[in-house]
Amino acid sequence: IQLFNSFAAWRDGSPLRFTQTEQEYKLLACLLLHKGSPVARDRLATALWPDSLDAKRNLRAVLSRLRTTLGSDMNAIREHDSLSLAFDTSACRLSVDLYDFEAAYGAGRWRKAVEAYRGSVLSGWYEDWFLEKSQEYHRQYGQALVHAAESAAEAGRFADALYFVNRGLEDENLQEEEEVLALKIRVLAESGSAADLRSVYQKYRKRQEEEWGEAQLSPKIEQLYETSLRRAYTRV
């Protein structure tokens, strides 16, 4: 099951055929994002049909269709009690890409976590609950990028370190993170790339000038740039 980027699901190489509404796979996504923990039926109904007076009846109908879609894996949907549901991936043949990211992130395998992250969680789903989850995982992705770059730089693998930093700077939601910019400045200083360091700094200033009318770099970044530039020259 793919939760990164857009939702998709396959079994034995063939896509799962959801019978009717998008609420069917949104229900499945809700349960999967709780990673086996029970979710109150009332919460699911409210999340999926926030403005409906028939939310509970809709949930019962969609739950029945989802079980039909899952077929032999329907028992993965557990009725924790009469008031809540959970999805047990150990009881079915479905794997979840998000869980691979979580496992790598939790174990501190930063490169694997970065590689497992393939875009915002459930991109295009704008319900508050999904957006909160997406933002949480995106924050973890940013942290994994920083850790991966720092580990590579400490080992002297500057090309790898720059790869991770550049991934962060290419992400429009991380571009303005000073932590990512500061890390790139430090990596370039350690690698002795004074010219590249000046180029990065000037491009960042130019982008801010275009967006805000003036550069608004923090004193911390300005000081880091000056000391890093001197360090880069000493390592050439």
# chains A, B, ... in the order shown; residues from 1 in each chain; ligands from 1
call {"tool": "select_by_dssp", "arguments": {"residues": "stretch 5-233 of chain A", "states": "strand (DSSP E)", "output": "number ranges by chain"}}
result
A: 10-11, 14-15, 39-40, 77-81, 84-87
call {"tool": "write_last_selection", "arguments": {"atoms": "N, CA, C and O atoms", "output": "mmCIF file, in the first residue's frame"}}
result
data_model
loop_
_atom_site.group_PDB
_atom_site.id
_atom_site.type_symbol
_atom_site.label_atom_id
_atom_site.label_comp_id
_atom_site.auth_asym_id
_atom_site.auth_seq_id
_atom_site.Cartn_x
_atom_site.Cartn_y
_atom_site.Cartn_z
ATOM 1 N N TRP A 10 -1.936 -2.418 -4.067
ATOM 2 C CA TRP A 10 -1.839 -3.601 -4.918
ATOM 3 C C TRP A 10 -1.795 -4.850 -4.052
ATOM 4 O O TRP A 10 -1.421 -4.796 -2.881
ATOM 5 N N ARG A 11 -2.165 -5.952 -4.666
ATOM 6 C CA ARG A 11 -1.992 -7.252 -4.023
ATOM 7 C C ARG A 11 -1.609 -8.244 -5.107
ATOM 8 O O ARG A 11 -2.280 -8.336 -6.137
ATOM 9 N N SER A 14 -1.426 -6.881 -8.663
ATOM 10 C CA SER A 14 -2.619 -6.295 -9.293
ATOM 11 C C SER A 14 -3.223 -5.241 -8.369
ATOM 12 O O SER A 14 -3.236 -5.414 -7.144
ATOM 13 N N PRO A 15 -3.726 -4.141 -8.923
ATOM 14 C CA PRO A 15 -4.312 -3.095 -8.074
ATOM 15 C C PRO A 15 -5.584 -3.582 -7.390
ATOM 16 O O PRO A 15 -6.367 -4.347 -7.975
ATOM 17 N N VAL A 39 -8.938 2.911 16.618
ATOM 18 C CA VAL A 39 -9.451 4.249 16.349
ATOM 19 C C VAL A 39 -10.954 4.236 16.623
ATOM 20 O O VAL A 39 -11.667 3.351 16.129
ATOM 21 N N ALA A 40 -11.425 5.185 17.366
ATOM 22 C CA ALA A 40 -12.844 5.243 17.700
ATOM 23 C C ALA A 40 -13.675 5.400 16.435
ATOM 24 O O ALA A 40 -13.334 6.188 15.553
ATOM 25 N N ILE A 77 -8.900 -6.057 9.341
ATOM 26 C CA ILE A 77 -9.662 -5.020 10.037
ATOM 27 C C ILE A 77 -10.232 -5.643 11.312
ATOM 28 O O ILE A 77 -11.089 -6.521 11.273
ATOM 29 N N ARG A 78 -9.709 -5.202 12.425
ATOM 30 C CA ARG A 78 -10.102 -5.755 13.723
ATOM 31 C C ARG A 78 -11.114 -4.840 14.408
ATOM 32 O O ARG A 78 -10.953 -3.620 14.401
ATOM 33 N N GLU A 79 -12.127 -5.441 14.962
ATOM 34 C CA GLU A 79 -13.044 -4.688 15.811
ATOM 35 C C GLU A 79 -12.520 -4.803 17.228
ATOM 36 O O GLU A 79 -12.731 -5.793 17.911
ATOM 37 N N HIS A 80 -11.751 -3.770 17.622
ATOM 38 C CA HIS A 80 -11.124 -3.791 18.947
ATOM 39 C C HIS A 80 -12.186 -3.931 20.036
ATOM 40 O O HIS A 80 -12.018 -4.635 21.019
ATOM 41 N N ASP A 81 -13.257 -3.239 19.864
ATOM 42 C CA ASP A 81 -14.461 -3.393 20.677
ATOM 43 C C ASP A 81 -15.595 -2.844 19.817
ATOM 44 O O ASP A 81 -15.403 -2.537 18.650
ATOM 45 N N SER A 84 -14.576 0.792 18.378
ATOM 46 C CA SER A 84 -13.344 1.177 17.687
ATOM 47 C C SER A 84 -12.886 0.101 16.712
ATOM 48 O O SER A 84 -13.271 -1.070 16.813
ATOM 49 N N LEU A 85 -12.032 0.528 15.760
ATOM 50 C CA LEU A 85 -11.498 -0.359 14.737
ATOM 51 C C LEU A 85 -9.986 -0.206 14.677
ATOM 52 O O LEU A 85 -9.432 0.829 15.054
ATOM 53 N N ALA A 86 -9.321 -1.238 14.172
ATOM 54 C CA ALA A 86 -7.877 -1.178 13.956
ATOM 55 C C ALA A 86 -7.547 -2.021 12.733
ATOM 56 O O ALA A 86 -8.338 -2.894 12.327
ATOM 57 N N PHE A 87 -6.379 -1.766 12.134
ATOM 58 C CA PHE A 87 -5.930 -2.545 10.976
ATOM 59 C C PHE A 87 -4.632 -3.249 11.346
ATOM 60 O O PHE A 87 -3.639 -2.611 11.682
#
call {"tool": "residues_around", "arguments": {"residues": "stretch 112-121 of chain A", "least_positions_apart": "6", "cutoff": "9 Å", "atoms": "only C-alpha atoms", "output": "ChimeraX atom specification"}}
result
/A:3-7,97-98,100-106,130-131,133-135,137-138,141-142,144-145,148,164
call {"tool": "residues_around", "arguments": {"residues": "A:Lys220", "least_positions_apart": "3", "cutoff": "10 Å", "atoms": "only C-alpha atoms", "output": "compact mmCIF listing (two decimals) with C-alpha atoms, in the first residue's frame"}}
result
# COMPACT_ATOMS: atom_id res chain seq x y z
CA GLU A 178 17.97 27.74 8.08
CA ALA A 182 23.58 26.14 7.63
CA LEU A 217 19.47 36.26 6.68
CA GLN A 223 28.46 34.74 10.95
CA LEU A 224 28.53 31.09 9.95
CA TYR A 225 29.10 32.05 6.32
call {"tool": "closest_residue", "arguments": {"among": "A:Ser151, A:Arg235, A:Asn75, A:Glu127", "to": "A:Pro50", "atoms": "only C-alpha atoms"}}
result
A:Glu127
call {"tool": "residues_around", "arguments": {"residues": "A:Gln216", "least_positions_apart": "2", "cutoff": "12 Å", "atoms": "only C-alpha atoms", "output": "list in words"}}
result
Glu176, Glu178, Tyr204, Arg205, Lys206, Arg207, Gln208, Glu209, Glu210, Glu211, Trp212, Gly213, Glu214, Ser218, Pro219, Lys220, Ile221 and Glu222 of chain A
call {"tool": "write_last_selection", "arguments": {"atoms": "C-alpha atoms", "output": "short mmCIF file (atom, residue, chain, number, x, y, z; two decimals), in the first residue's frame"}}
result
data_model
loop_
_atom_site.label_atom_id
_atom_site.label_comp_id
_atom_site.auth_asym_id
_atom_site.auth_seq_id
_atom_site.Cartn_x
_atom_site.Cartn_y
_atom_site.Cartn_z
CA GLU A 176 13.62 28.22 3.96
CA GLU A 178 17.97 27.74 8.08
CA TYR A 204 20.12 32.41 -1.18
CA ARG A 205 20.43 36.19 -0.71
CA LYS A 206 19.16 36.79 -4.24
CA ARG A 207 16.11 34.58 -3.71
CA GLN A 208 15.24 36.44 -0.53
CA GLU A 209 15.66 39.79 -2.26
CA GLU A 210 13.32 38.68 -5.04
CA GLU A 211 10.72 37.42 -2.58
CA TRP A 212 10.95 40.04 0.18
CA GLY A 213 12.65 43.03 -1.45
CA GLU A 214 15.72 42.55 0.73
CA SER A 218 19.83 35.84 10.40
CA PRO A 219 23.02 37.04 12.16
CA LYS A 220 23.74 33.36 12.89
CA ILE A 221 23.82 32.51 9.16
CA GLU A 222 25.87 35.59 8.31
#
call {"tool": "closest_residue", "arguments": {"among": "A:Ala189, A:Tyr126, A:Gly71, A:Ile1", "to": "A:Ala47", "atoms": "only C-alpha atoms"}}
result
A:Tyr126
call {"tool": "atom_distance", "arguments": {"atom1": "atom CA of A:Leu229", "atom2": "atom CA of A:Leu197"}}
result
7.0 Å
call {"tool": "atom_distance", "arguments": {"atom1": "atom CA of A:Thr21", "atom2": "atom CA of A:Leu66"}}
result
10.3 Å
call {"tool": "select_by_dssp", "arguments": {"residues": "stretch 4-91 of chain A", "states": "alpha helix (DSSP H)", "output": "number ranges by chain"}}
result
A: 23-33, 41-48, 55-70
call {"tool": "write_last_selection", "arguments": {"atoms": "N, CA, C and O atoms", "output": "short mmCIF file (atom, residue, chain, number, x, y, z; two decimals), in the first residue's frame"}}
result
data_model
loop_
_atom_site.label_atom_id
_atom_site.label_comp_id
_atom_site.auth_asym_id
_atom_site.auth_seq_id
_atom_site.Cartn_x
_atom_site.Cartn_y
_atom_site.Cartn_z
N GLN A 23 -14.09 7.51 -0.16
CA GLN A 23 -14.11 7.35 1.29
C GLN A 23 -13.68 5.94 1.68
O GLN A 23 -13.20 5.73 2.80
N GLU A 24 -13.82 4.99 0.77
CA GLU A 24 -13.41 3.63 1.07
C GLU A 24 -11.91 3.55 1.30
O GLU A 24 -11.44 2.98 2.29
N TYR A 25 -11.11 4.12 0.38
CA TYR A 25 -9.67 4.04 0.62
C TYR A 25 -9.20 5.09 1.60
O TYR A 25 -8.13 4.94 2.21
N LYS A 26 -9.98 6.14 1.83
CA LYS A 26 -9.62 7.07 2.90
C LYS A 26 -9.80 6.41 4.27
O LYS A 26 -9.03 6.65 5.19
N LEU A 27 -10.82 5.57 4.40
CA LEU A 27 -11.00 4.82 5.63
C LEU A 27 -9.81 3.89 5.86
O LEU A 27 -9.26 3.82 6.97
N LEU A 28 -9.39 3.21 4.82
CA LEU A 28 -8.23 2.33 4.93
C LEU A 28 -6.99 3.13 5.33
O LEU A 28 -6.22 2.72 6.21
N ALA A 29 -6.79 4.29 4.71
CA ALA A 29 -5.64 5.13 5.03
C ALA A 29 -5.68 5.59 6.48
O ALA A 29 -4.66 5.60 7.18
N CYS A 30 -6.86 5.97 6.96
CA CYS A 30 -7.00 6.39 8.35
C CYS A 30 -6.54 5.29 9.30
O CYS A 30 -5.79 5.54 10.25
N LEU A 31 -6.99 4.09 9.04
CA LEU A 31 -6.62 2.97 9.92
C LEU A 31 -5.13 2.68 9.84
O LEU A 31 -4.48 2.43 10.86
N LEU A 32 -4.56 2.74 8.64
CA LEU A 32 -3.14 2.45 8.48
C LEU A 32 -2.27 3.50 9.17
O LEU A 32 -1.23 3.16 9.74
N LEU A 33 -2.68 4.75 9.12
CA LEU A 33 -1.89 5.81 9.75
C LEU A 33 -1.87 5.67 11.28
O LEU A 33 -1.00 6.25 11.93
N ARG A 41 -14.76 4.64 16.35
CA ARG A 41 -15.65 4.75 15.19
C ARG A 41 -16.17 6.18 15.04
O ARG A 41 -16.29 6.68 13.92
N ASP A 42 -16.47 6.82 16.15
CA ASP A 42 -16.97 8.20 16.08
C ASP A 42 -15.93 9.11 15.44
O ASP A 42 -16.28 10.00 14.65
N ARG A 43 -14.66 8.90 15.78
CA ARG A 43 -13.61 9.75 15.22
C ARG A 43 -13.47 9.51 13.72
O ARG A 43 -13.28 10.45 12.94
N LEU A 44 -13.54 8.26 13.31
CA LEU A 44 -13.45 7.94 11.88
C LEU A 44 -14.61 8.57 11.12
O LEU A 44 -14.43 9.16 10.05
N ALA A 45 -15.80 8.44 11.68
CA ALA A 45 -16.98 8.98 11.01
C ALA A 45 -16.88 10.50 10.88
O ALA A 45 -17.18 11.06 9.82
N THR A 46 -16.44 11.15 11.94
CA THR A 46 -16.31 12.61 11.91
C THR A 46 -15.22 13.05 10.94
O THR A 46 -15.37 14.06 10.23
N ALA A 47 -14.11 12.30 10.89
CA ALA A 47 -13.00 12.67 10.01
C ALA A 47 -13.39 12.54 8.54
O ALA A 47 -13.00 13.36 7.71
N LEU A 48 -14.17 11.53 8.21
CA LEU A 48 -14.50 11.25 6.82
C LEU A 48 -15.77 11.96 6.35
O LEU A 48 -15.91 12.25 5.15
N ALA A 55 -23.12 10.28 9.28
CA ALA A 55 -21.72 9.85 9.27
C ALA A 55 -21.55 8.42 9.78
O ALA A 55 -20.81 7.62 9.18
N LYS A 56 -22.25 8.05 10.84
CA LYS A 56 -22.08 6.70 11.40
C LYS A 56 -22.63 5.65 10.44
O LYS A 56 -22.04 4.58 10.26
N ARG A 57 -23.77 5.94 9.82
CA ARG A 57 -24.34 5.00 8.86
C ARG A 57 -23.43 4.88 7.63
O ARG A 57 -23.21 3.79 7.10
N ASN A 58 -22.88 6.02 7.20
CA ASN A 58 -21.94 5.98 6.08
C ASN A 58 -20.72 5.13 6.40
O ASN A 58 -20.23 4.37 5.55
N LEU A 59 -20.23 5.25 7.62
CA LEU A 59 -19.06 4.47 8.03
C LEU A 59 -19.36 2.98 7.97
O LEU A 59 -18.54 2.20 7.46
N ARG A 60 -20.52 2.57 8.44
CA ARG A 60 -20.87 1.14 8.40
C ARG A 60 -20.92 0.64 6.96
O ARG A 60 -20.42 -0.45 6.65
N ALA A 61 -21.49 1.44 6.06
CA ALA A 61 -21.61 1.02 4.66
C ALA A 61 -20.25 0.94 4.00
O ALA A 61 -19.95 -0.04 3.28
N VAL A 62 -19.40 1.94 4.22
CA VAL A 62 -18.08 1.95 3.59
C VAL A 62 -17.19 0.85 4.18
O VAL A 62 -16.41 0.23 3.46
N LEU A 63 -17.32 0.61 5.47
CA LEU A 63 -16.55 -0.46 6.10
C LEU A 63 -16.90 -1.81 5.48
O LEU A 63 -16.02 -2.64 5.21
N SER A 64 -18.17 -2.02 5.22
CA SER A 64 -18.60 -3.28 4.59
C SER A 64 -18.00 -3.41 3.19
O SER A 64 -17.52 -4.49 2.80
N ARG A 65 -18.01 -2.32 2.41
CA ARG A 65 -17.44 -2.36 1.06
C ARG A 65 -15.93 -2.58 1.11
O ARG A 65 -15.37 -3.30 0.28
N LEU A 66 -15.27 -1.96 2.08
CA LEU A 66 -13.82 -2.12 2.20
C LEU A 66 -13.47 -3.57 2.50
O LEU A 66 -12.52 -4.12 1.93
N ARG A 67 -14.24 -4.20 3.35
CA ARG A 67 -13.99 -5.62 3.65
C ARG A 67 -14.17 -6.47 2.40
O ARG A 67 -13.40 -7.42 2.16
N THR A 68 -15.15 -6.13 1.60
CA THR A 68 -15.35 -6.86 0.35
C THR A 68 -14.16 -6.66 -0.58
O THR A 68 -13.68 -7.61 -1.21
N THR A 69 -13.66 -5.45 -0.67
CA THR A 69 -12.50 -5.15 -1.51
C THR A 69 -11.27 -5.93 -1.05
O THR A 69 -10.52 -6.47 -1.87
N LEU A 70 -11.07 -6.01 0.25
CA LEU A 70 -9.90 -6.71 0.78
C LEU A 70 -10.00 -8.21 0.61
O LEU A 70 -8.97 -8.91 0.59
#
call {"tool": "residues_around", "arguments": {"residues": "A:Val187", "least_positions_apart": "2", "cutoff": "10 Å", "atoms": "only C-alpha atoms", "output": "compact mmCIF listing (two decimals) with N, CA and C atoms, in the first residue's frame"}}
result
# COMPACT_ATOMS: atom_id res chain seq x y z
N ALA A 149 23.20 13.83 6.18
CA ALA A 149 24.25 14.72 5.68
C ALA A 149 25.36 14.88 6.70
N GLU A 150 24.99 15.05 7.96
CA GLU A 150 26.00 15.21 9.01
C GLU A 150 26.86 13.96 9.14
N ALA A 152 27.50 11.71 6.84
CA ALA A 152 28.36 11.59 5.66
C ALA A 152 29.53 12.57 5.74
N ALA A 153 29.25 13.79 6.18
CA ALA A 153 30.31 14.80 6.28
C ALA A 153 31.35 14.40 7.32
N GLU A 154 30.90 13.87 8.45
CA GLU A 154 31.83 13.43 9.49
C GLU A 154 32.73 12.31 9.00
N GLY A 156 33.75 12.13 5.98
CA GLY A 156 34.52 12.63 4.85
C GLY A 156 33.90 12.35 3.50
N ARG A 157 32.65 11.90 3.49
CA ARG A 157 31.96 11.62 2.23
C ARG A 157 31.17 12.88 1.83
N PHE A 158 31.89 13.88 1.35
CA PHE A 158 31.27 15.18 1.10
C PHE A 158 30.28 15.15 -0.06
N ALA A 159 30.54 14.32 -1.05
CA ALA A 159 29.59 14.22 -2.17
C ALA A 159 28.25 13.69 -1.68
N ALA A 161 27.16 13.92 1.43
CA ALA A 161 26.59 14.95 2.30
C ALA A 161 25.88 16.02 1.48
N LEU A 162 26.50 16.44 0.39
CA LEU A 162 25.89 17.46 -0.46
C LEU A 162 24.63 16.93 -1.15
N VAL A 165 21.91 17.30 1.45
CA VAL A 165 21.58 18.71 1.66
C VAL A 165 20.82 19.27 0.47
N LEU A 181 20.24 25.17 5.24
CA LEU A 181 21.22 26.08 4.65
C LEU A 181 22.52 26.07 5.46
N ALA A 182 22.39 26.13 6.77
CA ALA A 182 23.58 26.14 7.63
C ALA A 182 24.39 24.87 7.44
N LEU A 183 23.71 23.76 7.29
CA LEU A 183 24.41 22.49 7.09
C LEU A 183 25.17 22.50 5.77
N LYS A 184 24.55 23.02 4.72
CA LYS A 184 25.25 23.07 3.43
C LYS A 184 26.48 23.96 3.52
N ILE A 185 26.36 25.07 4.22
CA ILE A 185 27.51 25.95 4.40
C ILE A 185 28.64 25.21 5.10
N ALA A 189 32.33 24.14 3.53
CA ALA A 189 33.54 24.62 4.18
C ALA A 189 34.49 23.46 4.45
N GLU A 190 33.94 22.34 4.95
CA GLU A 190 34.78 21.18 5.25
C GLU A 190 35.40 20.59 3.98
N SER A 191 34.68 20.68 2.87
CA SER A 191 35.19 20.11 1.62
C SER A 191 36.14 21.06 0.90
N GLY A 192 36.27 22.29 1.43
CA GLY A 192 37.18 23.25 0.81
C GLY A 192 36.62 23.91 -0.44
N SER A 193 35.29 23.86 -0.61
CA SER A 193 34.67 24.42 -1.83
C SER A 193 34.28 25.88 -1.61
N LEU A 197 30.64 27.66 -2.01
CA LEU A 197 30.08 28.26 -0.80
C LEU A 197 29.61 29.69 -1.08
N SER A 228 32.92 30.10 7.86
CA SER A 228 33.03 28.92 7.00
C SER A 228 33.83 29.24 5.74
N ALA A 232 37.04 27.30 4.53
CA ALA A 232 37.13 26.68 3.19
C ALA A 232 38.45 27.04 2.52
call {"tool": "closest_residue", "arguments": {"among": "A:Leu16, A:Val146, A:Met74, A:Ala8", "to": "A:Ser123", "atoms": "only C-alpha atoms"}}
result
A:Ala8
